Amino acid sequence: MRKRKRIIILILMVVLSVSLCGCGDASKKLYGTWETTIDYSSAMEEVMGFEYEDFHHSFEIKMLLEFNEDGTYCLYADEEIAKETFDVWIKDFISYSVEALYKEFEESDMSRNDVDAVIQEQYGCSVEEYMTDEIYSELDFDDYVSEMKTEGIYQAKGDNLILNEDDGYRVFTIEADTLTIDIPEGVNVEEDEIIDGVDYPMIFTKIITE
């Protein structure tokens, strides 16, 4: 009887040790920095509202996801690329806004020269300079980037990825240098988004550092 109990205990110890090793291996696979490109075009259009519903411009941002060995993670935008994308988007939006302003005044039988004269007299600048100041006063790049940043504590158990204990869990798989993060069946996608407005699955590629 005692011999049988010892065998059972040994089996349980082996099973437990294997399961613990599996959990450790899952976390180790995540260590490092992963990248993905997210199209924020629709999200930006929603922010601008229906008044600018005919303005369409690509707004793609590279996002980086870091998993550290101390159990912390950080999701953030590549600021250099984000700034380039932001500036191009702003430039096109300013051009669009200038044309929209001219058209609005044209409905009141004012010519472009008339509009230029009014803006110059009242604000001491050109129409483009006026719209640039107005738009940049409403859209701050630093605030925009900081809102994208998410950080906290993570756990990897099997194929389950927990990002902060109160945020539920996601399902992840790693194949070669590709990380796929999805949500379990039956979970409300909108309530469990890692990034607002971004659809699942999210696919990341590992950044290999030499």
# chains A, B, ... in the order shown; residues from 1 in each chain; ligands from 1
call {"tool": "residues_around", "arguments": {"residues": "Val145 of chain A", "least_positions_apart": "5", "cutoff": "12 Å", "atoms": "only C-alpha atoms", "output": "NGL selection string"}}
result
:A and (61-63 or 75-83 or 85-86 or 139-140 or 150)
call {"tool": "residues_around", "arguments": {"residues": "Ala176 of chain A", "least_positions_apart": "4", "cutoff": "12 Å", "atoms": "only C-alpha atoms", "output": "PyMOL selection string"}}
result
chain A and resi 29-30+180+204-208
call {"tool": "residues_around", "arguments": {"residues": "segment 152-164 of chain A", "least_positions_apart": "6", "cutoff": "6 Å", "atoms": "only C-alpha atoms", "output": "JSON list (two decimals) with N, CA, C and O atoms, in the first residue's frame"}}
result
[["chain", "number", "residue", "atom", "x", "y", "z"],
["A", 23, "CYS", "N", 4.68, 26.29, -18.15],
["A", 23, "CYS", "CA", 4.33, 27.69, -17.91],
["A", 23, "CYS", "C", 5.54, 28.58, -18.12],
["A", 23, "CYS", "O", 5.46, 29.65, -18.69],
["A", 26, "ALA", "N", 6.36, 29.06, -21.78],
["A", 26, "ALA", "CA", 5.41, 29.95, -22.46],
["A", 26, "ALA", "C", 5.83, 31.40, -22.30],
["A", 26, "ALA", "O", 5.79, 32.17, -23.25],
["A", 27, "SER", "N", 6.26, 31.76, -21.09],
["A", 27, "SER", "CA", 6.70, 33.13, -20.86],
["A", 27, "SER", "C", 7.98, 33.44, -21.61],
["A", 27, "SER", "O", 8.15, 34.51, -22.19],
["A", 71, "GLY", "N", 8.23, 40.08, -15.81],
["A", 71, "GLY", "CA", 6.79, 39.92, -15.81],
["A", 71, "GLY", "C", 6.01, 41.17, -16.18],
["A", 71, "GLY", "O", 4.79, 41.20, -16.06],
["A", 72, "THR", "N", 6.71, 42.20, -16.66],
["A", 72, "THR", "CA", 6.03, 43.43, -17.09],
["A", 72, "THR", "C", 6.00, 43.49, -18.62],
["A", 72, "THR", "O", 6.82, 42.88, -19.29],
["A", 73, "TYR", "N", 5.04, 44.23, -19.13],
["A", 73, "TYR", "CA", 4.94, 44.42, -20.58],
["A", 73, "TYR", "C", 4.65, 45.89, -20.88],
["A", 73, "TYR", "O", 4.20, 46.64, -20.00],
["A", 170, "ARG", "N", -6.26, 36.47, -23.01],
["A", 170, "ARG", "CA", -6.31, 36.27, -24.45],
["A", 170, "ARG", "C", -5.61, 34.95, -24.78],
["A", 170, "ARG", "O", -4.92, 34.39, -23.94],
["A", 171, "VAL", "N", -5.81, 34.51, -25.99],
["A", 171, "VAL", "CA", -5.16, 33.30, -26.46],
["A", 171, "VAL", "C", -4.02, 33.71, -27.37],
["A", 171, "VAL", "O", -4.18, 34.58, -28.22],
["A", 172, "PHE", "N", -2.85, 33.08, -27.19],
["A", 172, "PHE", "CA", -1.73, 33.43, -28.06],
["A", 172, "PHE", "C", -1.05, 32.19, -28.62],
["A", 172, "PHE", "O", -1.06, 31.12, -28.00]]
call {"tool": "closest_residue", "arguments": {"among": "A:Ser137, A:Thr132, A:Ser108, A:Ser42", "to": "Ser95 of chain A", "atoms": "only C-alpha atoms"}}
result
A:Thr132
call {"tool": "residues_around", "arguments": {"residues": "segment 110-119 of chain A", "least_positions_apart": "5", "cutoff": "12 Å", "atoms": "only C-alpha atoms", "output": "JSON, numbers by chain"}}
result
{"A": [98, 99, 100, 101, 102, 103, 104, 105, 124, 125, 126, 127, 128, 129, 130, 131]}
call {"tool": "write_last_selection", "arguments": {"atoms": "all heavy atoms", "output": "short mmCIF file (atom, residue, chain, number, x, y, z; two decimals), in the first residue's frame"}}
result
data_model
loop_
_atom_site.label_atom_id
_atom_site.label_comp_id
_atom_site.auth_asym_id
_atom_site.auth_seq_id
_atom_site.Cartn_x
_atom_site.Cartn_y
_atom_site.Cartn_z
N VAL A 98 -8.33 73.85 -45.91
CA VAL A 98 -8.22 75.12 -46.64
C VAL A 98 -9.23 75.16 -47.78
O VAL A 98 -9.96 76.16 -47.95
CB VAL A 98 -6.80 75.33 -47.17
CG1 VAL A 98 -6.76 76.49 -48.17
CG2 VAL A 98 -5.83 75.60 -46.03
N GLU A 99 -9.29 74.08 -48.55
CA GLU A 99 -10.25 74.01 -49.65
C GLU A 99 -11.68 74.07 -49.14
O GLU A 99 -12.55 74.71 -49.74
CB GLU A 99 -10.02 72.73 -50.46
CG GLU A 99 -8.76 72.73 -51.29
CD GLU A 99 -8.73 73.90 -52.27
OE1 GLU A 99 -9.75 74.11 -52.97
OE2 GLU A 99 -7.70 74.60 -52.33
N ALA A 100 -11.93 73.40 -48.01
CA ALA A 100 -13.28 73.40 -47.43
C ALA A 100 -13.68 74.81 -46.99
O ALA A 100 -14.85 75.22 -47.15
CB ALA A 100 -13.33 72.44 -46.25
N LEU A 101 -12.72 75.54 -46.45
CA LEU A 101 -13.00 76.91 -46.01
C LEU A 101 -13.31 77.81 -47.19
O LEU A 101 -14.27 78.61 -47.15
CB LEU A 101 -11.78 77.46 -45.24
CG LEU A 101 -11.96 78.86 -44.65
CD1 LEU A 101 -13.01 78.84 -43.55
CD2 LEU A 101 -10.62 79.36 -44.09
N TYR A 102 -12.53 77.68 -48.26
CA TYR A 102 -12.79 78.47 -49.47
C TYR A 102 -14.20 78.17 -50.01
O TYR A 102 -14.95 79.09 -50.38
CB TYR A 102 -11.75 78.16 -50.54
CG TYR A 102 -10.45 78.90 -50.38
CD1 TYR A 102 -9.22 78.21 -50.46
CD2 TYR A 102 -10.42 80.28 -50.20
CE1 TYR A 102 -8.02 78.90 -50.33
CE2 TYR A 102 -9.22 80.96 -50.07
CZ TYR A 102 -8.02 80.27 -50.13
OH TYR A 102 -6.83 80.95 -50.01
N LYS A 103 -14.54 76.90 -50.07
CA LYS A 103 -15.86 76.51 -50.61
C LYS A 103 -16.99 77.07 -49.76
O LYS A 103 -18.03 77.47 -50.28
CB LYS A 103 -15.95 74.99 -50.69
CG LYS A 103 -15.09 74.38 -51.79
CD LYS A 103 -15.24 72.87 -51.82
CE LYS A 103 -14.37 72.28 -52.94
NZ LYS A 103 -14.46 70.79 -52.98
N GLU A 104 -16.77 77.06 -48.45
CA GLU A 104 -17.80 77.59 -47.55
C GLU A 104 -18.06 79.06 -47.81
O GLU A 104 -19.21 79.52 -47.84
CB GLU A 104 -17.37 77.37 -46.10
CG GLU A 104 -18.41 77.81 -45.08
CD GLU A 104 -17.99 77.51 -43.65
OE1 GLU A 104 -17.04 76.71 -43.46
OE2 GLU A 104 -18.60 78.09 -42.73
N PHE A 105 -17.00 79.83 -48.01
CA PHE A 105 -17.15 81.26 -48.28
C PHE A 105 -17.65 81.52 -49.70
O PHE A 105 -18.33 82.53 -49.95
CB PHE A 105 -15.82 81.99 -48.05
CG PHE A 105 -15.55 82.32 -46.61
CD1 PHE A 105 -14.65 81.55 -45.87
CD2 PHE A 105 -16.20 83.38 -45.98
CE1 PHE A 105 -14.40 81.85 -44.54
CE2 PHE A 105 -15.95 83.68 -44.65
CZ PHE A 105 -15.05 82.91 -43.92
N GLY A 124 -3.72 88.28 -39.54
CA GLY A 124 -2.37 88.61 -39.92
C GLY A 124 -1.58 87.47 -40.51
O GLY A 124 -0.36 87.38 -40.35
N CYS A 125 -2.27 86.58 -41.20
CA CYS A 125 -1.59 85.43 -41.81
C CYS A 125 -2.40 84.93 -43.00
O CYS A 125 -3.51 85.41 -43.26
CB CYS A 125 -1.42 84.29 -40.79
SG CYS A 125 -2.98 83.64 -40.14
N SER A 126 -1.84 83.96 -43.70
CA SER A 126 -2.54 83.39 -44.84
C SER A 126 -3.60 82.39 -44.35
O SER A 126 -3.62 81.99 -43.18
CB SER A 126 -1.55 82.67 -45.76
OG SER A 126 -1.01 81.53 -45.10
N VAL A 127 -4.45 81.95 -45.28
CA VAL A 127 -5.48 80.98 -44.94
C VAL A 127 -4.83 79.67 -44.48
O VAL A 127 -5.25 79.06 -43.49
CB VAL A 127 -6.40 80.71 -46.15
CG1 VAL A 127 -7.36 79.56 -45.85
CG2 VAL A 127 -7.19 81.97 -46.51
N GLU A 128 -3.78 79.26 -45.18
CA GLU A 128 -3.10 78.00 -44.81
C GLU A 128 -2.46 78.10 -43.43
O GLU A 128 -2.55 77.17 -42.62
CB GLU A 128 -2.04 77.65 -45.84
CG GLU A 128 -1.35 76.32 -45.57
CD GLU A 128 -0.42 75.90 -46.68
OE1 GLU A 128 -0.47 76.50 -47.78
OE2 GLU A 128 0.37 74.96 -46.45
N GLU A 129 -1.84 79.23 -43.14
CA GLU A 129 -1.23 79.43 -41.82
C GLU A 129 -2.30 79.44 -40.73
O GLU A 129 -2.11 78.89 -39.64
CB GLU A 129 -0.44 80.73 -41.80
CG GLU A 129 0.82 80.70 -42.65
CD GLU A 129 1.46 82.06 -42.78
OE1 GLU A 129 0.73 83.09 -42.65
OE2 GLU A 129 2.68 82.12 -43.03
N TYR A 130 -3.43 80.06 -41.05
CA TYR A 130 -4.53 80.11 -40.08
C TYR A 130 -5.05 78.70 -39.78
O TYR A 130 -5.22 78.33 -38.60
CB TYR A 130 -5.66 80.98 -40.64
CG TYR A 130 -6.96 80.86 -39.87
CD1 TYR A 130 -7.10 81.48 -38.63
CD2 TYR A 130 -8.04 80.13 -40.39
CE1 TYR A 130 -8.29 81.36 -37.91
CE2 TYR A 130 -9.22 80.01 -39.68
CZ TYR A 130 -9.34 80.62 -38.45
OH TYR A 130 -10.51 80.49 -37.74
N MET A 131 -5.28 77.90 -40.81
CA MET A 131 -5.79 76.55 -40.62
C MET A 131 -4.75 75.67 -39.91
O MET A 131 -5.12 74.82 -39.08
CB MET A 131 -6.18 75.92 -41.96
CG MET A 131 -7.35 76.59 -42.65
SD MET A 131 -8.84 76.70 -41.60
CE MET A 131 -9.15 74.98 -41.19
#
call {"tool": "residues_around", "arguments": {"residues": "His56 of chain A", "least_positions_apart": "6", "cutoff": "10 Å", "atoms": "only C-alpha atoms", "output": "list of chain:residue names"}}
result
A:Ser41, A:Ser42, A:Met44, A:Glu45, A:Trp89, A:Asp92, A:Phe93, A:Tyr96
call {"tool": "closest_residue", "arguments": {"among": "A:Asp109, A:Glu66, A:Glu51, A:Glu46", "to": "Glu151 of chain A", "atoms": "only C-alpha atoms"}}
result
A:Glu66
call {"tool": "select_by_dssp", "arguments": {"residues": "segment 79-188 of chain A", "states": "strand (DSSP E)", "output": "list in words"}}
result
Thr150, Glu151, Gly152, Ile153, Tyr154, Gln155, Ala156, Lys157, Asn160, Leu161, Ile162, Leu163, Tyr169, Arg170, Val171, Phe172, Thr173, Ile174, Glu175, Thr178, Leu179, Thr180, Ile181 and Asp182 of chain A
call {"tool": "write_last_selection", "arguments": {"atoms": "C-alpha atoms", "output": "mmCIF file, in the first residue's frame"}}
result
data_model
loop_
_atom_site.group_PDB
_atom_site.id
_atom_site.type_symbol
_atom_site.label_atom_id
_atom_site.label_comp_id
_atom_site.auth_asym_id
_atom_site.auth_seq_id
_atom_site.Cartn_x
_atom_site.Cartn_y
_atom_site.Cartn_z
ATOM 1 C CA THR A 150 -0.334 50.590 -22.360
ATOM 2 C CA GLU A 151 1.748 48.864 -19.715
ATOM 3 C CA GLY A 152 1.340 46.495 -16.818
ATOM 4 C CA ILE A 153 1.950 42.942 -15.659
ATOM 5 C CA TYR A 154 1.500 39.829 -17.768
ATOM 6 C CA GLN A 155 1.336 36.078 -17.217
ATOM 7 C CA ALA A 156 1.585 33.302 -19.782
ATOM 8 C CA LYS A 157 -0.013 29.985 -18.874
ATOM 9 C CA ASN A 160 -3.377 31.889 -22.284
ATOM 10 C CA LEU A 161 -1.966 35.404 -22.013
ATOM 11 C CA ILE A 162 -3.104 37.545 -19.091
ATOM 12 C CA LEU A 163 -2.441 41.273 -19.424
ATOM 13 C CA TYR A 169 -7.080 36.735 -20.766
ATOM 14 C CA ARG A 170 -6.310 36.268 -24.448
ATOM 15 C CA VAL A 171 -5.160 33.302 -26.457
ATOM 16 C CA PHE A 172 -1.732 33.434 -28.064
ATOM 17 C CA THR A 173 0.311 31.307 -30.422
ATOM 18 C CA ILE A 174 3.902 31.650 -31.569
ATOM 19 C CA GLU A 175 5.151 30.215 -34.834
ATOM 20 C CA THR A 178 5.197 35.441 -35.503
ATOM 21 C CA LEU A 179 3.046 36.113 -32.440
ATOM 22 C CA THR A 180 -0.738 35.945 -32.822
ATOM 23 C CA ILE A 181 -2.968 37.282 -30.043
ATOM 24 C CA ASP A 182 -6.665 36.499 -30.157
#
